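Structure file run_10.cif with mmCIF, C-alpha atoms and all ligand atoms:
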```cif
data_structure
#
loop_
_atom_site.label_atom_id
_atom_site.label_comp_id
_atom_site.auth_asym_id
_atom_site.auth_seq_id
_atom_site.Cartn_x
_atom_site.Cartn_y
_atom_site.Cartn_z
CA VAL A 19 0.00 0.00 0.00
CA SER A 20 1.31 3.43 -0.89
CA PHE A 21 -0.16 6.67 0.42
CA GLU A 22 2.08 8.70 -1.87
CA LEU A 23 1.32 9.92 -5.38
CA SER A 24 2.52 7.68 -8.20
CA GLU A 25 5.46 8.93 -10.27
CA LYS A 26 3.03 9.89 -13.04
CA HIS A 27 0.87 12.00 -10.75
CA GLN A 28 3.81 13.60 -8.94
CA ALA A 29 5.29 14.52 -12.35
CA LEU A 30 1.99 16.11 -13.41
CA LEU A 31 1.82 18.12 -10.19
CA ASN A 32 5.40 19.32 -10.72
CA GLU A 33 4.76 20.11 -14.38
CA ALA A 34 1.65 22.17 -13.61
CA ARG A 35 3.34 24.12 -10.83
CA ALA A 36 6.45 24.78 -12.96
CA LEU A 37 4.29 25.96 -15.86
CA ALA A 38 2.36 28.36 -13.63
CA LEU A 39 5.54 29.70 -11.99
CA SER A 40 7.09 30.25 -15.43
CA VAL A 41 4.34 32.68 -16.48
CA GLU A 42 3.48 34.24 -13.10
CA PHE A 43 5.63 37.33 -13.57
CA GLN A 44 4.79 37.82 -17.24
CA ALA A 45 1.08 38.07 -16.45
CA PRO A 46 1.00 40.00 -13.18
CA ILE A 47 -2.62 41.17 -13.43
CA ALA A 48 -4.19 37.99 -14.81
CA ASP A 49 -5.68 37.09 -11.44
CA GLU A 50 -7.27 40.50 -10.93
CA SER A 51 -8.93 40.66 -14.35
CA GLU A 52 -12.28 39.50 -15.79
CA HIS A 53 -10.68 38.83 -19.16
CA LEU A 54 -8.74 35.95 -20.61
CA ASP A 55 -5.02 36.54 -20.14
CA PRO A 56 -3.31 35.82 -23.49
CA ILE A 57 0.06 34.91 -21.94
CA MET A 58 -1.44 32.38 -19.55
CA TYR A 59 -3.74 31.07 -22.27
CA ASP A 60 -0.84 30.48 -24.66
CA ALA A 61 1.27 28.84 -21.97
CA LEU A 62 -1.49 26.44 -20.94
CA LYS A 63 -2.30 25.68 -24.57
CA LYS A 64 1.34 24.87 -25.40
CA SER A 65 1.66 22.65 -22.33
CA GLY A 66 -0.97 20.21 -23.62
CA LEU A 67 -2.33 19.77 -20.09
CA ALA A 68 -5.92 20.49 -21.19
CA ALA A 69 -5.85 17.12 -22.96
CA LEU A 70 -6.25 15.57 -19.48
CA CYS A 71 -9.83 16.92 -19.50
CA VAL A 72 -10.99 14.94 -22.56
CA PRO A 73 -10.95 11.15 -23.17
CA ALA A 74 -8.29 9.83 -25.57
CA ALA A 75 -10.93 8.80 -28.14
CA HIS A 76 -11.65 12.50 -28.71
CA GLY A 77 -8.15 13.93 -28.69
CA GLY A 78 -7.48 13.73 -24.96
CA ARG A 79 -4.67 12.07 -23.04
CA ASP A 80 -6.08 9.21 -20.93
CA GLU A 81 -8.54 6.60 -22.12
CA LYS A 82 -10.92 7.75 -19.36
CA ILE A 83 -10.53 11.07 -17.56
CA ASP A 84 -8.29 10.51 -14.53
CA SER A 85 -9.75 12.52 -11.62
CA LEU A 86 -6.50 12.24 -9.66
CA ALA A 87 -4.50 13.66 -12.60
CA VAL A 88 -6.93 16.58 -12.96
CA THR A 89 -6.84 17.14 -9.18
CA VAL A 90 -3.05 17.33 -8.90
CA VAL A 91 -2.78 19.58 -11.96
CA ARG A 92 -5.27 21.95 -10.32
CA GLU A 93 -3.20 21.84 -7.12
CA GLY A 94 -0.09 22.83 -9.11
CA LEU A 95 -1.79 25.60 -11.10
CA MET A 96 -3.72 27.05 -8.15
CA TYR A 97 -0.52 27.22 -6.10
CA VAL A 98 0.30 30.13 -8.40
CA SER A 99 -2.79 31.34 -10.26
CA GLY A 100 -6.56 31.02 -9.93
CA HIS A 101 -6.90 32.21 -13.51
CA LEU A 102 -4.85 29.31 -14.87
CA ASP A 103 -6.63 26.86 -12.61
CA THR A 104 -10.09 27.92 -13.79
CA MET A 105 -9.05 27.92 -17.45
CA PHE A 106 -7.83 24.34 -17.10
CA ALA A 107 -10.72 23.01 -15.00
CA MET A 108 -13.50 24.46 -17.16
CA GLN A 109 -12.26 22.49 -20.19
CA GLY A 110 -13.35 19.34 -18.39
CA ILE A 111 -16.34 20.68 -16.46
CA GLY A 112 -17.83 22.32 -19.55
CA SER A 113 -17.29 19.37 -21.90
CA PHE A 114 -17.71 16.23 -19.78
CA GLY A 115 -21.39 15.65 -20.68
CA LEU A 116 -20.42 15.90 -24.36
CA SER A 117 -17.53 13.45 -23.84
CA VAL A 118 -19.72 10.78 -22.29
CA ALA A 119 -23.08 11.25 -24.04
CA GLY A 120 -22.80 13.59 -27.05
CA ASN A 121 -23.45 12.25 -30.53
CA PRO A 122 -20.28 11.33 -32.48
CA ALA A 123 -20.50 14.24 -34.95
CA LEU A 124 -20.88 16.80 -32.15
CA GLN A 125 -18.01 15.20 -30.22
CA GLU A 126 -15.82 15.31 -33.31
CA GLU A 127 -16.72 18.95 -33.95
CA TRP A 128 -15.81 20.22 -30.48
CA LEU A 129 -13.82 17.86 -28.27
CA PRO A 130 -10.44 17.79 -30.08
CA ARG A 131 -10.47 21.61 -29.89
CA VAL A 132 -11.33 21.49 -26.18
CA ALA A 133 -8.40 19.10 -25.61
CA SER A 134 -6.00 21.41 -27.48
CA LEU A 135 -7.50 24.54 -25.84
CA GLU A 136 -8.44 26.06 -29.19
CA VAL A 137 -11.90 26.69 -27.74
CA LEU A 138 -12.93 27.29 -24.15
CA ALA A 139 -15.86 25.33 -22.70
CA GLY A 140 -18.63 26.50 -20.37
CA LEU A 141 -21.26 24.78 -18.23
CA ALA A 142 -24.44 26.78 -17.67
CA LEU A 143 -26.59 25.52 -14.81
CA THR A 144 -27.14 28.50 -12.48
CA GLU A 145 -29.87 31.09 -13.14
CA PRO A 146 -30.59 34.52 -11.69
CA ASP A 147 -33.07 32.98 -9.23
CA VAL A 148 -31.77 29.42 -9.00
CA GLY A 149 -28.53 28.23 -7.41
CA SER A 150 -28.25 25.00 -5.40
CA ASP A 151 -31.79 23.83 -6.22
CA LEU A 152 -31.18 23.07 -9.89
CA LYS A 153 -34.52 21.33 -10.39
CA ALA A 154 -36.12 24.80 -10.14
CA ILE A 155 -34.48 26.12 -13.35
CA THR A 156 -36.73 27.86 -15.87
CA THR A 157 -34.60 27.93 -19.04
CA THR A 158 -36.41 25.81 -21.62
CA ALA A 159 -35.49 23.72 -24.66
CA THR A 160 -38.49 23.15 -26.93
CA PRO A 161 -38.35 20.74 -29.90
CA ARG A 162 -39.41 22.25 -33.25
CA GLY A 163 -38.93 19.97 -36.24
CA ASP A 164 -35.26 18.97 -36.35
CA THR A 165 -34.28 21.78 -33.99
CA LEU A 166 -34.43 22.82 -30.36
CA ILE A 167 -35.41 26.35 -29.34
CA VAL A 168 -33.72 27.59 -26.17
CA ASN A 169 -35.15 30.43 -24.09
CA GLY A 170 -34.15 31.75 -20.66
CA LYS A 171 -31.31 33.25 -18.64
CA LYS A 172 -28.24 31.78 -16.97
CA ALA A 173 -26.15 33.70 -14.44
CA PHE A 174 -22.70 33.41 -12.85
CA ILE A 175 -21.38 31.39 -15.75
CA THR A 176 -17.61 31.00 -15.87
CA ASN A 177 -16.14 31.80 -19.30
CA ALA A 178 -19.31 33.69 -20.32
CA GLY A 179 -18.43 35.61 -23.46
CA ALA A 180 -15.14 33.73 -23.87
CA ALA A 181 -16.34 30.15 -24.40
CA GLY A 182 -16.75 28.54 -27.82
CA PHE A 183 -19.79 26.67 -26.50
CA TYR A 184 -21.90 26.18 -23.39
CA SER A 185 -23.49 22.97 -22.12
CA VAL A 186 -26.80 24.43 -21.00
CA LEU A 187 -29.17 22.77 -18.53
CA CYS A 188 -32.73 23.27 -19.77
CA LYS A 189 -36.21 22.08 -18.89
CA GLU A 190 -37.60 19.97 -21.70
CA GLY A 191 -41.20 19.01 -21.05
CA GLU A 192 -41.33 17.43 -17.60
CA GLY A 193 -37.64 16.49 -17.69
CA TYR A 194 -34.27 18.26 -18.02
CA SER A 195 -31.95 18.17 -21.00
CA LEU A 196 -28.39 19.30 -21.58
CA VAL A 197 -28.04 21.26 -24.82
CA LEU A 198 -24.85 22.43 -26.52
CA VAL A 199 -25.19 26.06 -27.59
CA PRO A 200 -22.29 27.58 -29.58
CA GLY A 201 -21.05 30.90 -28.19
CA ASP A 202 -21.92 32.67 -31.46
CA ALA A 203 -25.45 31.26 -31.82
CA PRO A 204 -27.91 33.94 -33.04
CA GLY A 205 -30.17 35.00 -30.16
CA LEU A 206 -27.51 34.36 -27.48
CA THR A 207 -26.18 37.47 -25.76
CA THR A 208 -23.64 37.56 -22.95
CA ILE A 209 -23.32 40.20 -20.27
CA SER A 210 -20.13 40.36 -18.19
CA GLY A 211 -20.13 40.55 -14.43
CA PRO A 212 -20.67 41.07 -11.64
CA ARG A 213 -17.09 41.80 -10.52
CA LEU A 214 -16.25 39.35 -7.73
CA ILE A 215 -14.03 39.74 -4.67
CA ALA A 216 -11.64 37.46 -6.55
CA PRO A 217 -12.10 38.58 -10.20
CA HIS A 218 -13.13 35.84 -12.57
CA ILE A 219 -14.40 35.61 -16.17
CA ILE A 220 -18.08 35.43 -15.29
CA GLY A 221 -21.35 36.62 -16.76
CA GLU A 222 -24.94 36.09 -17.77
CA LEU A 223 -26.17 34.25 -20.84
CA HIS A 224 -29.49 35.38 -22.33
CA PHE A 225 -31.17 32.99 -24.75
CA GLU A 226 -33.91 34.45 -26.94
CA ASP A 227 -35.34 31.87 -29.34
CA VAL A 228 -31.89 30.38 -29.84
CA GLU A 229 -32.23 27.65 -32.45
CA VAL A 230 -29.80 24.72 -32.51
CA PRO A 231 -30.04 21.35 -34.31
CA ALA A 232 -31.81 18.71 -32.20
CA THR A 233 -28.54 16.73 -32.46
CA ASN A 234 -27.02 19.35 -30.11
CA ARG A 235 -28.98 17.75 -27.27
CA ILE A 236 -26.39 15.90 -25.19
CA GLY A 237 -27.72 12.47 -24.20
CA GLU A 238 -31.36 11.42 -24.04
CA PRO A 239 -34.20 13.97 -23.85
CA GLY A 240 -35.11 14.65 -20.21
CA ARG A 241 -32.08 12.68 -18.87
CA ALA A 242 -29.64 15.50 -18.08
CA PHE A 243 -29.30 14.99 -14.33
CA PRO A 244 -27.27 11.77 -14.53
CA LEU A 245 -24.88 13.71 -16.80
CA VAL A 246 -24.64 16.62 -14.34
CA LEU A 247 -23.99 14.12 -11.54
CA ALA A 248 -21.34 12.35 -13.61
CA THR A 249 -19.65 15.71 -14.24
CA LEU A 250 -19.63 16.48 -10.53
CA GLY A 251 -18.45 12.95 -9.73
CA THR A 252 -15.39 13.42 -11.93
CA PHE A 253 -14.56 17.07 -11.23
CA ARG A 254 -15.84 18.03 -7.74
CA VAL A 255 -12.80 16.46 -6.09
CA SER A 256 -10.56 18.60 -8.27
CA VAL A 257 -11.88 21.74 -6.52
CA ALA A 258 -10.41 20.18 -3.39
CA GLY A 259 -7.08 19.80 -5.21
CA ALA A 260 -7.15 23.49 -6.09
CA ALA A 261 -7.90 24.31 -2.44
CA VAL A 262 -4.83 22.33 -1.35
CA GLY A 263 -2.67 24.26 -3.83
CA LEU A 264 -4.04 27.57 -2.54
CA ALA A 265 -3.54 26.56 1.11
CA GLN A 266 0.04 25.49 0.40
CA ALA A 267 0.77 28.86 -1.21
CA ALA A 268 -0.74 30.71 1.77
CA LEU A 269 1.25 28.64 4.28
CA ASP A 270 4.48 29.14 2.31
CA GLU A 271 3.96 32.92 2.42
CA ALA A 272 3.39 32.82 6.18
CA VAL A 273 6.45 30.64 6.82
CA ARG A 274 8.65 32.91 4.70
CA HIS A 275 7.44 36.08 6.39
CA THR A 276 7.48 34.89 10.00
CA ASN A 277 10.96 33.41 9.63
CA THR A 278 12.46 36.66 8.35
CA ARG A 279 10.62 39.38 10.27
CA GLU A 280 11.57 40.28 13.84
CA GLN A 281 9.47 42.19 16.37
CA PHE A 282 10.35 42.70 20.05
CA GLY A 283 13.82 41.31 19.25
CA GLN A 284 12.65 37.89 18.13
CA LEU A 285 11.47 36.19 14.95
CA LEU A 286 7.71 36.22 14.57
CA ALA A 287 7.87 32.46 13.94
CA GLU A 288 8.97 32.03 17.58
CA ALA A 289 6.72 34.62 19.21
CA GLY A 290 3.61 34.02 21.33
CA PRO A 291 0.95 31.89 19.58
CA ILE A 292 2.55 32.17 16.13
CA PRO A 293 4.29 28.73 16.19
CA HIS A 294 0.89 27.30 17.10
CA TYR A 295 -0.74 29.04 14.12
CA LEU A 296 1.93 27.77 11.74
CA GLY A 297 1.83 24.21 13.07
CA THR A 298 -1.96 24.14 12.93
CA SER A 299 -2.00 25.37 9.32
CA TRP A 300 0.53 22.71 8.31
CA MET A 301 -1.45 19.96 10.03
CA GLU A 302 -4.73 21.09 8.44
CA LEU A 303 -3.10 21.29 5.03
CA GLU A 304 -1.71 17.76 5.23
CA MET A 305 -5.01 16.37 6.56
CA ALA A 306 -6.78 17.95 3.60
CA ARG A 307 -4.17 16.73 1.14
CA ALA A 308 -4.35 13.13 2.40
CA LEU A 309 -8.13 13.08 2.08
CA VAL A 310 -8.10 14.79 -1.32
CA TYR A 311 -5.63 12.34 -2.89
CA ARG A 312 -7.55 9.39 -1.49
CA ALA A 313 -10.91 10.73 -2.69
CA ALA A 314 -9.48 11.62 -6.12
CA ALA A 315 -7.97 8.13 -6.50
CA ARG A 316 -11.41 6.69 -5.73
CA SER A 317 -13.12 9.08 -8.17
CA ALA A 318 -10.64 8.00 -10.86
CA ILE A 319 -11.89 4.42 -10.47
CA ASP A 320 -15.64 5.07 -10.15
CA PRO A 321 -16.73 8.72 -9.95
CA ARG A 322 -20.45 8.13 -9.31
CA ALA A 323 -19.95 5.50 -6.60
CA ASN A 324 -17.47 7.74 -4.80
CA LEU A 325 -19.26 11.08 -5.06
CA HIS A 326 -19.58 11.20 -1.24
CA TRP A 327 -15.78 10.94 -0.96
CA ALA A 328 -15.43 13.80 -3.44
CA SER A 329 -17.89 15.86 -1.38
CA MET A 330 -16.03 15.17 1.87
CA ALA A 331 -12.75 16.19 0.26
CA LYS A 332 -14.29 19.32 -1.28
CA VAL A 333 -15.74 20.50 2.02
CA ALA A 334 -12.68 19.58 4.11
CA ALA A 335 -10.12 21.12 1.78
CA THR A 336 -12.00 24.34 0.97
CA GLU A 337 -12.80 24.96 4.65
CA ALA A 338 -9.15 24.27 5.57
CA ALA A 339 -7.95 26.59 2.78
CA GLY A 340 -10.19 29.35 4.16
CA ARG A 341 -8.76 28.96 7.68
CA ILE A 342 -5.16 28.69 6.47
CA ALA A 343 -5.43 31.75 4.20
CA ASP A 344 -7.03 33.70 7.04
CA ARG A 345 -4.21 32.77 9.46
CA SER A 346 -1.62 33.72 6.85
CA VAL A 347 -3.19 37.15 6.43
CA GLN A 348 -3.03 37.59 10.21
CA LEU A 349 0.62 36.52 10.35
CA LEU A 350 1.63 39.00 7.68
CA GLY A 351 -0.08 41.82 9.57
CA ARG A 352 -0.53 44.96 7.48
CA PHE A 353 1.37 43.35 4.58
CA GLY A 354 -1.32 40.68 4.38
CA ILE A 355 -4.13 43.11 3.72
CA THR A 356 -2.31 45.34 1.26
CA ASP A 357 -3.62 45.47 -2.28
CA GLY A 358 -1.25 43.48 -4.46
CA SER A 359 0.02 41.17 -1.72
CA LYS A 360 -0.15 37.48 -2.51
CA VAL A 361 -1.97 36.42 0.66
CA ASP A 362 -4.58 39.14 0.14
CA ARG A 363 -5.40 37.51 -3.21
CA LEU A 364 -5.31 33.97 -1.79
CA TYR A 365 -7.65 35.03 1.03
CA ARG A 366 -10.16 36.38 -1.52
CA GLU A 367 -9.77 33.40 -3.88
CA ALA A 368 -10.37 30.89 -1.09
CA ARG A 369 -13.79 32.32 -0.34
CA PRO A 370 -15.83 31.36 -3.45
CA MET A 371 -14.53 27.77 -3.28
CA ARG A 372 -16.86 27.07 -0.37
CA ILE A 373 -19.83 28.17 -2.52
CA TYR A 374 -19.39 26.71 -6.02
CA GLU A 375 -19.53 23.09 -7.22
CA GLY A 376 -21.93 22.34 -4.37
CA GLY A 377 -22.31 24.77 -1.46
CA ASN A 378 -20.53 23.19 1.50
CA GLU A 379 -23.73 23.14 3.59
CA VAL A 380 -25.60 21.36 0.79
CA LEU A 381 -22.83 18.78 0.48
CA ILE A 382 -22.74 18.11 4.22
CA GLY A 383 -26.53 17.67 4.14
CA GLN A 384 -26.14 15.11 1.35
CA LEU A 385 -23.43 13.30 3.33
CA ALA A 386 -25.80 13.04 6.28
CA LYS A 387 -28.44 11.52 3.98
CA THR A 388 -25.88 8.96 2.73
CA LEU A 389 -25.09 8.13 6.36
CA GLY A 390 -28.80 7.62 7.00
CA LYS A 391 -29.12 5.16 4.10
CA ASP A 392 -26.20 2.97 2.98
CA TYR A 393 -23.96 3.50 5.97
CA LEU A 394 -26.69 2.99 8.60
CA SER A 395 -27.69 -0.30 7.02
CA SER A 396 -24.05 -1.49 7.11
CA VAL A 397 -23.79 -0.50 10.80
CA THR A 398 -27.05 -2.16 11.83
CA THR A 399 -26.26 -5.44 10.09
CA LYS A 400 -22.89 -5.80 11.89
C1 LIG A 501 -16.61 31.94 -8.89
C2 LIG A 501 -17.89 31.25 -9.27
C3 LIG A 501 -17.97 30.60 -10.50
C4 LIG A 501 -19.18 29.97 -10.88
N1 LIG A 501 -19.24 29.36 -12.10
C5 LIG A 501 -20.40 28.75 -12.47
C6 LIG A 501 -20.52 28.12 -13.77
O1 LIG A 501 -19.56 28.11 -14.57
N2 LIG A 501 -21.70 27.56 -14.11
C7 LIG A 501 -22.78 27.55 -13.26
O2 LIG A 501 -23.81 27.01 -13.64
N3 LIG A 501 -22.70 28.13 -12.05
C8 LIG A 501 -21.55 28.73 -11.62
N4 LIG A 501 -21.45 29.33 -10.39
C9 LIG A 501 -22.62 29.38 -9.54
C10 LIG A 501 -22.56 28.34 -8.43
O3 LIG A 501 -22.76 27.07 -8.99
C11 LIG A 501 -23.61 28.72 -7.39
O4 LIG A 501 -23.13 29.87 -6.73
C12 LIG A 501 -23.87 27.59 -6.41
O5 LIG A 501 -24.59 26.55 -7.02
C13 LIG A 501 -24.68 28.06 -5.18
O6 LIG A 501 -25.82 28.73 -5.59
P1 LIG A 501 -26.13 30.18 -4.99
O7 LIG A 501 -24.91 31.00 -5.05
O8 LIG A 501 -27.34 30.68 -5.69
O9 LIG A 501 -26.46 29.94 -3.47
P2 LIG A 501 -27.81 29.35 -2.82
O10 LIG A 501 -28.21 28.11 -3.50
O11 LIG A 501 -28.80 30.45 -2.71
O12 LIG A 501 -27.26 29.02 -1.38
C14 LIG A 501 -26.85 30.02 -0.46
C15 LIG A 501 -26.27 29.37 0.77
O13 LIG A 501 -27.22 28.49 1.36
C16 LIG A 501 -26.73 27.19 1.44
N5 LIG A 501 -27.84 26.28 1.13
C17 LIG A 501 -28.61 26.25 0.01
N6 LIG A 501 -29.54 25.29 0.10
C18 LIG A 501 -29.37 24.70 1.31
C19 LIG A 501 -30.01 23.63 2.00
N7 LIG A 501 -31.03 22.97 1.45
N8 LIG A 501 -29.52 23.27 3.20
C20 LIG A 501 -28.49 23.94 3.76
N9 LIG A 501 -27.85 24.96 3.18
C21 LIG A 501 -28.27 25.33 1.97
C22 LIG A 501 -25.60 27.09 0.40
O14 LIG A 501 -24.61 26.12 0.74
C23 LIG A 501 -25.04 28.50 0.45
O15 LIG A 501 -24.14 28.59 1.51
C24 LIG A 501 -20.28 29.95 -9.99
C25 LIG A 501 -20.16 30.57 -8.75
C26 LIG A 501 -19.00 31.22 -8.38
C27 LIG A 501 -18.93 31.88 -7.04
#
```

Would you kindly transcribe this structure into structure tokens?
Amino acid sequence: VSFELSEKHQALLNEARALALSVEFQAPIADESEHLDPIMYDALKKSGLAALCVPAAHGGRDEKIDSLAVTVVREGLMYVSGHLDTMFAMQGIGSFGLSVAGNPALQEEWLPRVASLEVLAGLALTEPDVGSDLKAITTTATPRGDTLIVNGKKAFITNAGAAGFYSVLCKEGEGYSLVLVPGDAPGLTTISGPRLIAPHIIGELHFEDVEVPATNRIGEPGRAFPLVLATLGTFRVSVAGAAVGLAQAALDEAVRHTNTREQFGQLLAEAGPIPHYLGTSWMELEMARALVYRAAARSAIDPRANLHWASMAKVAATEAAGRIADRSVQLLGRFGITDGSKVDRLYREARPMRIYEGGNEVLIGQLAKTLGKDYLSSVTTK
């Protein structure tokens, strides 16, 4: 039994981190902008890492998407840049339904370009009035002859305005369907914003009688939720990987600062409760990392069966990242809250992670339900 990453996964983590570090100083404002940074985009494209987000049959790298590979790449990218991390992750999150259930012609049209990062992908679930409770969406897809007509509004969509296509969750009759809408489809308008505490390419999508071929429906009519769940099963754990990368960066900043700055004639790292803060952050980081790698290895084998592991890892790692970033800000004192400081950015970037890809409260509620079903029956039969 090994609790360490395999050579392949360690190499991917190193590669992603080295790539991000190599462009960090050439693109100093990428993480404070709502626009695609061309330097980071080119670097990620050249690296070929986006191919990890698409199955090999459609131009990707692995036969089946390897959740652990995606997770460690996100850890490496997020250690340096949230912008790079999001760009990478959305290629998988936005295209996974298409990879597993799209018709062959649609897959051939889009997926090789997703793998090579020629086009950006988007996933549009959230609406102005609908967040966690996705069954309440009101965007519709209505069949008309050989076409589907999409009407409605989506909000808070990553890559809005930049993506080549969006996988859009729609109501179709009494069920829900996933429909691929190209970014330049007539009747689709995008509106940027709002500006977030950690800036992000985000915006609204307005669909007014947008007509797409019926073959743009991904999977069976009315059967979108299994596809959304499969997407979450494969990619939710990768948010936890990104949280580990962010937490590591925040801890590194705190260690560096407290071991070089003296107050009252002693290093901060040795003063009062500060050793306790540093030790606690390290412990919480390694606890999160151990759980994240284990959950991601399980997701790589069977994402749906291990969704509860992915949820545990997502909650544990994003909550830990929030605490660690907060402690690091405190340890840097005024330098931690200054515009342009690294921990200031990490502190802001940690915050949305507890909200997206399943609000942490919602995930914990689902874990409790799992405990009440499968787990309880295993306990009572012992
Ligand atoms: C940076 C960022 C990027 C995003 N990108 C995308 C994207 O690309 N595509 C997309 O479709 N969406 C995207 N979203 C939206 C995201 O998916 C939603 O924010 C998320 O689903 C939560 O919905 P909400 O914000 O409306 O919160 P709500 O659903 O209103 O929830 C508010 C709070 O209540 C809690 N809560 C809700 N219901 C319950 C319950 N039953 N029990 C206990 N607690 C509950 C939640 O955990 C949360 O803390 C993005 C969000 C952010 C912040």

Query raised in the report: Given a cut-off of 7 Å, what residues near ligand LIG 501 (chain A) show up using only C-alpha atoms and all ligand atoms, put as a VMD selection string?
Result: chain A and resid 140 to 144 148 to 151 173 to 177 218 220 370 373 to 380 383

Query raised in the report: Counting all atoms listed in the file, what is within 9 Å of range 192-206 of chain A, bar same-chain residues fewer than 3 positions away, as a PyMOL selection string?
Result: chain A and resi 115-116+124+153+158-159+166+168+178-189+223-230+232-243+245-246

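Comparing the minimum interatomic distances between Glu22 in chain A and each of A:Ala386, A:Ala315, A:Ile47, A:Ala334, counting all atoms listed in the file, we find that A:Ala315 sits nearest.
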
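In this model, the gap between CA of Val88 in chain A and CA of Thr336 in chain A comes to 16.7 Å.
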
Requested in this report: Work out how far apart CA of Leu286 in chain A and CA of Met301 in chain A are and give it in Å to one decimal.
Outcome: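 Pair CA of Leu286 in chain A / CA of Met301 in chain A returns 19.2 Å.
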
Report task. Please return, as a VMD selection string, all polymer residues that have at least one atom within 12 Å of the point (-15.0, 20.2, -9.6); use all atoms listed in the file and the file's own coordinate frame. Result -> chain A and resid 71 85 to 86 88 to 89 92 103 to 104 106 to 112 114 141 246 to 261 314 317 321 325 328 to 329 331 to 333 336 371 to 377

Query raised in the report: Quick one: distance from CA of Trp327 in chain A to CA of Lys387 in chain A in Å, one decimal?
Result: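 CA of Trp327 in chain A sits 13.6 Å away from CA of Lys387 in chain A.
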
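Residue nearest Leu54 in chain A, chosen from A:Val361, A:Val90, A:Leu138, A:Val118 and counting all atoms listed in the file: A:Leu138.
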
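Ranking A:Ala318, A:Ala265, A:Gly354, A:Val310 by their shortest atom-to-atom distance to Arg341 in chain A, with all atoms listed in the file included, puts A:Ala265 first.
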
Filtering to C-alpha atoms, could range 157-180 of chain A of the supplied structure be written out as a PDB file, in the first residue's frame?
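Saved result, selection39.pdb, follows:
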```pdb
ATOM      1  CA  THR A 157     -34.604  27.934 -19.041  1.00  0.00           C
ATOM      2  CA  THR A 158     -36.409  25.807 -21.623  1.00  0.00           C
ATOM      3  CA  ALA A 159     -35.495  23.722 -24.665  1.00  0.00           C
ATOM      4  CA  THR A 160     -38.489  23.154 -26.928  1.00  0.00           C
ATOM      5  CA  PRO A 161     -38.353  20.741 -29.896  1.00  0.00           C
ATOM      6  CA  ARG A 162     -39.412  22.246 -33.252  1.00  0.00           C
ATOM      7  CA  GLY A 163     -38.933  19.971 -36.238  1.00  0.00           C
ATOM      8  CA  ASP A 164     -35.262  18.971 -36.349  1.00  0.00           C
ATOM      9  CA  THR A 165     -34.277  21.777 -33.992  1.00  0.00           C
ATOM     10  CA  LEU A 166     -34.427  22.824 -30.355  1.00  0.00           C
ATOM     11  CA  ILE A 167     -35.412  26.351 -29.344  1.00  0.00           C
ATOM     12  CA  VAL A 168     -33.715  27.589 -26.174  1.00  0.00           C
ATOM     13  CA  ASN A 169     -35.151  30.430 -24.088  1.00  0.00           C
ATOM     14  CA  GLY A 170     -34.148  31.747 -20.664  1.00  0.00           C
ATOM     15  CA  LYS A 171     -31.306  33.246 -18.642  1.00  0.00           C
ATOM     16  CA  LYS A 172     -28.242  31.780 -16.971  1.00  0.00           C
ATOM     17  CA  ALA A 173     -26.152  33.702 -14.436  1.00  0.00           C
ATOM     18  CA  PHE A 174     -22.701  33.412 -12.853  1.00  0.00           C
ATOM     19  CA  ILE A 175     -21.378  31.389 -15.754  1.00  0.00           C
ATOM     20  CA  THR A 176     -17.613  30.997 -15.873  1.00  0.00           C
ATOM     21  CA  ASN A 177     -16.140  31.799 -19.302  1.00  0.00           C
ATOM     22  CA  ALA A 178     -19.311  33.688 -20.316  1.00  0.00           C
ATOM     23  CA  GLY A 179     -18.431  35.611 -23.457  1.00  0.00           C
ATOM     24  CA  ALA A 180     -15.139  33.726 -23.874  1.00  0.00           C
TER      25      ALA A 180
END
```
